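Content type compact mmCIF, C-alpha atoms and all ligand atoms, from the file upload-v4.txt:
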# COMPACT_ATOMS: atom_id res chain seq x y z
CA MET J 1 63.56 46.01 63.23
CA ASP J 2 66.68 44.18 62.04
CA ASP J 3 68.74 41.36 63.55
CA TYR J 4 70.45 43.65 66.04
CA GLY J 5 67.35 44.92 67.72
CA THR J 6 67.77 48.27 65.98
CA LYS J 7 64.81 50.58 65.58
CA ASN J 8 65.01 53.74 63.45
CA GLY J 9 68.80 53.35 63.30
CA ASN J 10 69.26 53.62 67.08
CA ILE J 11 70.59 50.67 69.01
CA PRO J 12 68.82 50.52 72.37
CA LEU J 13 70.78 49.53 75.45
CA ILE J 14 68.47 46.59 76.05
CA ARG J 15 65.94 44.91 73.82
CA LEU J 16 64.02 41.78 74.70
CA GLU J 17 62.07 40.02 71.99
CA ASN J 18 59.48 37.48 72.90
CA ILE J 19 61.39 36.19 75.92
CA GLY J 20 59.96 33.05 77.46
CA MET J 21 61.05 31.19 80.57
CA ILE J 22 59.87 27.74 81.52
CA TYR J 23 61.02 26.04 84.71
CA LYS J 24 60.76 22.26 84.79
CA ILE J 25 60.44 20.41 88.07
CA GLY J 26 60.20 16.67 87.40
CA ASP J 27 57.50 16.22 84.76
CA ILE J 28 55.82 19.50 85.44
CA SER J 29 56.61 22.66 83.46
CA TYR J 30 55.97 26.13 84.81
CA GLU J 31 55.74 28.84 82.18
CA VAL J 32 56.89 31.84 84.19
CA LEU J 33 57.60 34.38 81.42
CA LYS J 34 55.26 34.30 78.44
CA GLY J 35 56.65 36.48 75.67
CA ILE J 36 58.26 39.57 77.15
CA ASN J 37 59.02 42.42 74.76
CA MET J 38 60.85 45.37 76.22
CA THR J 39 63.23 48.14 75.20
CA ILE J 40 65.33 50.12 77.64
CA GLU J 41 67.37 53.09 76.46
CA LYS J 42 70.67 54.20 77.93
CA GLY J 43 70.23 56.48 80.93
CA GLU J 44 66.70 55.38 81.78
CA PHE J 45 65.51 54.69 85.33
CA VAL J 46 62.92 51.94 85.00
CA SER J 47 60.89 50.47 87.86
CA ILE J 48 59.24 47.08 87.57
CA MET J 49 56.23 46.19 89.72
CA GLY J 50 53.92 43.21 89.92
CA ALA J 51 52.42 40.75 92.36
CA SER J 52 54.54 38.17 94.13
CA GLY J 53 55.24 35.30 91.75
CA SER J 54 54.50 37.37 88.61
CA GLY J 55 58.03 36.81 87.27
CA LYS J 56 59.91 39.99 88.21
CA SER J 57 63.02 38.33 89.64
CA THR J 58 63.05 35.79 86.80
CA LEU J 59 63.01 38.70 84.36
CA MET J 60 65.74 40.53 86.28
CA ASN J 61 67.93 37.41 86.30
CA ILE J 62 67.68 37.26 82.52
CA LEU J 63 68.29 41.01 82.11
CA GLY J 64 71.29 40.68 84.44
CA CYS J 65 72.75 37.79 82.39
CA LEU J 66 72.49 35.55 85.47
CA ASP J 67 70.13 33.20 83.69
CA LYS J 68 69.32 32.31 80.10
CA PRO J 69 65.77 32.44 78.74
CA THR J 70 64.12 29.30 77.38
CA SER J 71 63.10 31.18 74.22
CA GLY J 72 63.35 34.58 72.59
CA SER J 73 66.21 37.01 72.02
CA TYR J 74 68.05 39.40 74.29
CA PHE J 75 70.05 42.17 72.63
CA LEU J 76 72.43 44.04 74.92
CA GLU J 77 73.92 47.08 73.17
CA GLY J 78 72.85 45.43 69.92
CA ARG J 79 74.59 42.13 70.62
CA ASP J 80 72.48 39.00 70.88
CA VAL J 81 73.46 37.56 74.26
CA SER J 82 70.76 34.89 74.48
CA GLY J 83 73.01 32.15 73.11
CA LEU J 84 76.24 32.94 74.97
CA THR J 85 78.01 30.48 77.26
CA SER J 86 78.06 30.95 81.04
CA ASP J 87 81.64 32.24 80.88
CA GLU J 88 80.76 34.80 78.23
CA LEU J 89 77.76 35.93 80.27
CA ALA J 90 79.97 36.25 83.37
CA GLU J 91 82.32 38.51 81.44
CA ILE J 92 79.43 40.73 80.37
CA ARG J 93 78.19 40.89 83.97
CA ASN J 94 81.60 41.93 85.25
CA LYS J 95 81.93 44.72 82.75
CA LYS J 96 78.43 46.00 82.28
CA ILE J 97 76.22 45.25 85.25
CA GLY J 98 76.21 46.17 88.90
CA PHE J 99 73.79 44.37 91.22
CA VAL J 100 72.08 45.43 94.42
CA PHE J 101 69.97 42.78 96.12
CA GLN J 102 67.52 42.80 99.00
CA GLY J 103 69.98 41.24 101.45
CA PHE J 104 73.03 43.45 101.40
CA ASN J 105 75.35 40.57 100.49
CA LEU J 106 78.41 42.17 102.02
CA ILE J 107 81.28 39.98 103.13
CA GLN J 108 81.45 40.26 106.91
CA ARG J 109 85.17 39.63 107.32
CA LEU J 110 86.13 42.32 104.81
CA SER J 111 86.13 46.03 105.62
CA ILE J 112 83.67 48.36 103.88
CA LEU J 113 86.46 49.57 101.61
CA GLU J 114 87.52 46.01 100.75
CA ASN J 115 83.90 45.05 100.02
CA VAL J 116 83.63 47.90 97.53
CA MET J 117 87.00 46.97 95.97
CA LEU J 118 85.91 43.36 95.38
CA PRO J 119 84.50 43.75 91.81
CA LEU J 120 87.75 45.45 90.80
CA TYR J 121 89.73 42.57 92.28
CA TYR J 122 87.62 40.11 90.27
CA ALA J 123 88.21 42.22 87.16
CA GLY J 124 91.96 41.79 87.73
CA LEU J 125 92.67 45.26 89.10
CA HIS J 126 94.91 45.16 92.17
CA SER J 127 96.61 48.49 91.93
CA LYS J 128 96.45 51.52 94.18
CA ASP J 129 93.91 52.79 91.66
CA SER J 130 91.31 50.35 92.87
CA GLU J 131 91.44 51.85 96.36
CA LYS J 132 90.97 55.30 94.87
CA MET J 133 88.04 54.11 92.78
CA ALA J 134 86.41 52.44 95.80
CA LEU J 135 86.83 55.58 97.88
CA SER J 136 85.26 57.72 95.19
CA SER J 137 82.28 55.32 95.03
CA LEU J 138 81.95 55.49 98.81
CA LYS J 139 82.03 59.26 98.58
CA LEU J 140 79.11 59.20 96.17
CA VAL J 141 76.96 57.41 98.75
CA ASP J 142 78.25 59.65 101.59
CA LEU J 143 80.26 56.90 103.28
CA TYR J 144 83.76 58.11 102.54
CA ASP J 145 84.72 58.04 106.22
CA LYS J 146 83.35 54.53 106.92
CA GLY J 147 85.82 52.55 104.77
CA ASN J 148 87.69 51.05 107.71
CA LYS J 149 84.59 49.75 109.47
CA PHE J 150 83.12 46.29 109.00
CA PRO J 151 79.57 45.52 107.80
CA ASN J 152 78.33 44.66 111.31
CA GLN J 153 79.49 48.06 112.54
CA ILE J 154 77.20 50.10 110.30
CA SER J 155 73.41 50.37 109.95
CA GLY J 156 71.23 48.47 107.46
CA GLY J 157 70.70 51.58 105.34
CA GLU J 158 74.43 52.22 105.31
CA GLN J 159 75.10 48.59 104.35
CA GLN J 160 72.80 48.96 101.38
CA ARG J 161 74.59 52.16 100.38
CA VAL J 162 77.86 50.17 100.48
CA ALA J 163 76.20 47.65 98.16
CA ILE J 164 75.38 50.53 95.80
CA ALA J 165 78.99 51.78 95.98
CA ARG J 166 80.15 48.25 95.15
CA ALA J 167 77.72 48.04 92.21
CA ILE J 168 79.00 51.26 90.64
CA VAL J 169 82.71 50.93 91.42
CA ASN J 170 83.74 49.57 88.02
CA ASP J 171 81.59 52.11 86.19
CA ALA J 172 79.07 49.53 85.08
CA PRO J 173 76.65 51.29 82.76
CA ILE J 174 73.70 49.27 84.09
CA ILE J 175 72.65 48.95 87.74
CA MET J 176 70.04 46.35 88.62
CA ALA J 177 68.31 46.29 91.96
CA ASP J 178 65.79 43.66 93.12
CA GLU J 179 63.85 44.91 96.17
CA PRO J 180 66.84 46.96 97.40
CA THR J 181 64.76 48.48 100.21
CA GLY J 182 63.01 45.22 101.17
CA ASN J 183 64.95 44.90 104.43
CA LEU J 184 64.74 48.57 105.39
CA ASP J 185 62.12 50.74 107.05
CA SER J 186 60.65 53.54 104.95
CA VAL J 187 63.03 56.24 106.21
CA ARG J 188 66.17 54.14 105.51
CA GLY J 189 64.58 53.02 102.23
CA ALA J 190 64.07 56.61 101.07
CA ASP J 191 67.66 57.37 102.01
CA VAL J 192 68.91 54.51 99.83
CA MET J 193 66.63 55.48 96.92
CA LYS J 194 68.05 59.00 96.93
CA PHE J 195 71.39 57.49 95.93
CA PHE J 196 69.96 55.46 93.06
CA LYS J 197 68.48 58.69 91.75
CA LYS J 198 71.83 60.40 92.20
CA ILE J 199 73.84 57.79 90.28
CA ASN J 200 71.23 57.87 87.52
CA GLU J 201 71.38 61.65 87.25
CA GLU J 202 75.04 62.30 87.97
CA LYS J 203 76.76 59.22 86.55
CA GLY J 204 74.22 58.55 83.81
CA ALA J 205 73.86 54.92 84.91
CA THR J 206 70.84 53.08 83.57
CA ILE J 207 68.84 51.75 86.50
CA ILE J 208 66.43 48.84 86.49
CA LEU J 209 64.67 48.42 89.81
CA VAL J 210 62.16 45.87 91.09
CA SER J 211 60.00 46.86 94.03
CA HIS J 212 56.58 46.01 95.36
CA ASP J 213 56.49 49.42 97.05
CA LYS J 214 54.92 52.16 94.92
CA ASN J 215 56.77 54.89 96.82
CA VAL J 216 60.06 53.21 95.96
CA ALA J 217 59.09 52.51 92.33
CA ASN J 218 58.15 56.18 91.94
CA TYR J 219 61.81 57.16 92.13
CA GLY J 220 62.04 55.81 88.58
CA ARG J 221 60.91 57.62 85.46
CA ARG J 222 59.09 54.71 83.83
CA LEU J 223 56.96 52.05 85.43
CA ILE J 224 56.63 48.60 83.88
CA THR J 225 53.96 46.35 85.34
CA VAL J 226 54.27 42.58 85.07
CA LYS J 227 51.34 40.21 85.60
CA ASP J 228 51.48 36.43 85.25
CA GLY J 229 54.64 36.55 83.15
CA ILE J 230 53.65 39.26 80.72
CA ILE J 231 54.07 43.04 80.65
CA ILE J 232 50.67 44.64 81.03
CA SER J 233 51.75 48.30 81.03
CA SER J 234 54.68 50.63 80.59
CA ASP J 235 54.03 54.22 81.62
CA THR J 236 56.06 57.34 82.21
CA ILE J 237 56.12 58.36 85.86
CA ASP J 238 55.17 62.02 85.84
CA ALA J 239 56.45 63.60 88.98
CA GLY J 240 59.71 62.02 90.02
CA VAL J 241 60.28 62.05 93.76
N1 LIG J 301 64.20 27.99 89.90
C1 LIG J 301 62.88 27.90 89.83
N2 LIG J 301 62.27 26.71 89.58
C2 LIG J 301 60.95 26.61 89.49
N3 LIG J 301 60.09 27.63 89.61
C3 LIG J 301 60.63 28.85 89.86
C4 LIG J 301 62.04 29.04 89.98
N4 LIG J 301 62.26 30.35 90.22
C5 LIG J 301 61.04 30.93 90.27
N5 LIG J 301 60.07 30.03 90.04
C6 LIG J 301 58.64 30.32 89.98
O1 LIG J 301 58.42 31.31 89.01
C7 LIG J 301 57.43 32.24 89.42
C8 LIG J 301 57.98 33.64 89.35
O2 LIG J 301 59.01 33.77 90.32
P1 LIG J 301 59.79 35.13 90.55
O3 LIG J 301 60.81 34.87 91.58
O4 LIG J 301 60.25 35.64 89.24
O5 LIG J 301 58.60 36.05 91.10
P2 LIG J 301 58.65 37.55 91.63
O6 LIG J 301 57.71 38.34 90.77
O7 LIG J 301 60.04 38.03 91.72
O8 LIG J 301 58.00 37.40 93.08
P3 LIG J 301 58.37 38.13 94.48
O9 LIG J 301 57.67 39.48 94.43
O10 LIG J 301 57.74 37.25 95.50
O11 LIG J 301 59.85 38.24 94.61
C9 LIG J 301 56.99 31.80 90.80
O12 LIG J 301 55.78 31.09 90.67
C10 LIG J 301 58.10 30.91 91.27
O13 LIG J 301 57.63 29.91 92.13
MG MG J 302 61.33 38.51 93.35
Could you write out this file's structure as structure tokens?
Amino acid sequence: MDDYGTKNGNIPLIRLENIGMIYKIGDISYEVLKGINMTIEKGEFVSIMGASGSGKSTLMNILGCLDKPTSGSYFLEGRDVSGLTSDELAEIRNKKIGFVFQGFNLIQRLSILENVMLPLYYAGLHSKDSEKMALSSLKLVDLYDKGNKFPNQISGGEQQRVAIARAIVNDAPIIMADEPTGNLDSVRGADVMKFFKKINEEKGATIILVSHDKNVANYGRRLITVKDGIIISSDTIDAGV
């Protein structure tokens, strides 16, 4: 292992070394992550499970460059990002990471198409191309014909598929999802998971998913289990769904 997180000459997409996270509230410190070591290769579909409060979202926030760890190193494509400024982290997020959260986080006054175009707008793309890119993302989640509707005019499952289209629109190589099916029944949830699988297989996106639902986690190909702020297991999932 050298300074760049390299192992056997290969640079992994993600490498965490001894990541710790301590939250302080007044005089009390809460050690939420206690030395997380993890490697994720490009193209993987990793599911993370663990009890409520075990640190999954805290870990995802660090992986997604939304938060900085208290200690340890985070190498993203070989670059140590643990010491970057908030602006530098924001730039990495815009280029490299698409997010899908439990609440669909769509903007109600924008059309479906405009919602999907938003990351491109933030990246400074205003051309006709961005509409084309958004439409091709919507096509991937089978919502090509819903672009003119508004979020309150489509179902919850469809809203989450729009969120997926928005996450992939700028070709982010990493898609992170924290309980993406948490607000959906099992049928709608399965429908949404099908599309994560599709973007992993067809677009080669690396997917990191948090779910408390084993059926959802089983769409991944590796299962990481977190308990009390440490990783207690990392196993290949045999039969993908
Ligand atoms: N900003 C914060 N300040 C203080 N404590 C926090 C903060 N965020 C999270 N925690 C605490 O850290 C622990 C881990 O929280 P986290 O949100 O990572 O859990 P989780 O595994 O995602 O749980 P859930 O399955 O309920 O979403 C919890 O005990 C939580 O109360
Ligand atoms: Mg959580």
Go through chain J and flag each residue having an atom no more than 7 Å from ligand MG 302 (chain J); for those, report the closest pair of atoms plus their distance in Å to one decimal, using all atoms listed in the file, ordered by chain and rising number, as a tab-separated table.
residue	atom	partner	partner_atom	distance
J:Ser52	CA	J:MG302	MG	6.8
J:Lys56	CA	J:MG302	MG	5.5
J:Ser57	CA	J:MG302	MG	4.1
J:Asp178	CA	J:MG302	MG	6.8
| J:Val46 surroundings by only C-alpha atoms, 8 Å radius, close-in-sequence under 5 positions cut, as number ranges by chain | J: 40, 207-209, 220-224
| field | Pairwise distance for atom CA of J:Leu89 and atom CA of J:Ser233, rounded to one decimal in Å | value | 28.8 Å
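Those protein and nucleic acid residues that have any atom within 7 Å of ligand LIG 301 (chain J) are, using only C-alpha atoms and all ligand atoms, Tyr23, Lys24, Ile25, Tyr30, Val32, Gly50, Ala51, Ser52, Gly53, Ser54, Gly55, Lys56, Ser57, Thr58, Leu59 and His212 of chain J.
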| said: Excluding stretch 105-121 of chain J and its own-chain neighbours fewer than 2 positions away, which residues fall within 10 Å of it when counting all atoms listed in the file? Please give them as a count of residues only. | reply: 44
| request: Find the residues around J:Ser82 up to 8 Å (only C-alpha atoms counted), leave out those fewer than 2 positions away in its own chain, and share them as a PyMOL selection string. | output: chain J and resi 68-69+72-75+80+84
| Protein/DNA/RNA residues near (69.2, 63.9, 86.1), cut 12 Å, only C-alpha atoms, as a PyMOL selection string | chain J and resi 43-45+194-206+219-221+240-241
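Atom CA of J:Ile97 sits 20.3 Å away from atom CA of J:Asn37.
For the pair atom CA of J:Met38 and atom CA of J:Pro12, the interatomic distance is 10.2 Å.
If only C-alpha atoms are the atoms counted, then among J:Ile232, J:Ala190, J:Ile14, J:Cys65 the closest residue to J:Gly83 is J:Cys65.
Minimum atom-to-atom distance to J:Ser47, evaluated using only C-alpha atoms, belongs to J:Ile175 out of J:Val187, J:Met21, J:Ile230, J:Ile175.
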Counting only C-alpha atoms, what is within 6 Å of J:Glu179, bar same-chain residues fewer than 2 positions away, as an mmCIF file with C-alpha atoms, keeping the file's coordinate frame?
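Below you can see result-v6.cif, which holds the result:
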data_model
loop_
_atom_site.group_PDB
_atom_site.id
_atom_site.type_symbol
_atom_site.label_atom_id
_atom_site.label_comp_id
_atom_site.auth_asym_id
_atom_site.auth_seq_id
_atom_site.Cartn_x
_atom_site.Cartn_y
_atom_site.Cartn_z
ATOM 1 C CA GLN J 102 67.520 42.800 99.000
ATOM 2 C CA THR J 181 64.760 48.480 100.210
ATOM 3 C CA GLY J 182 63.010 45.220 101.170
ATOM 4 C CA VAL J 210 62.160 45.870 91.090
ATOM 5 C CA SER J 211 60.000 46.860 94.030
#
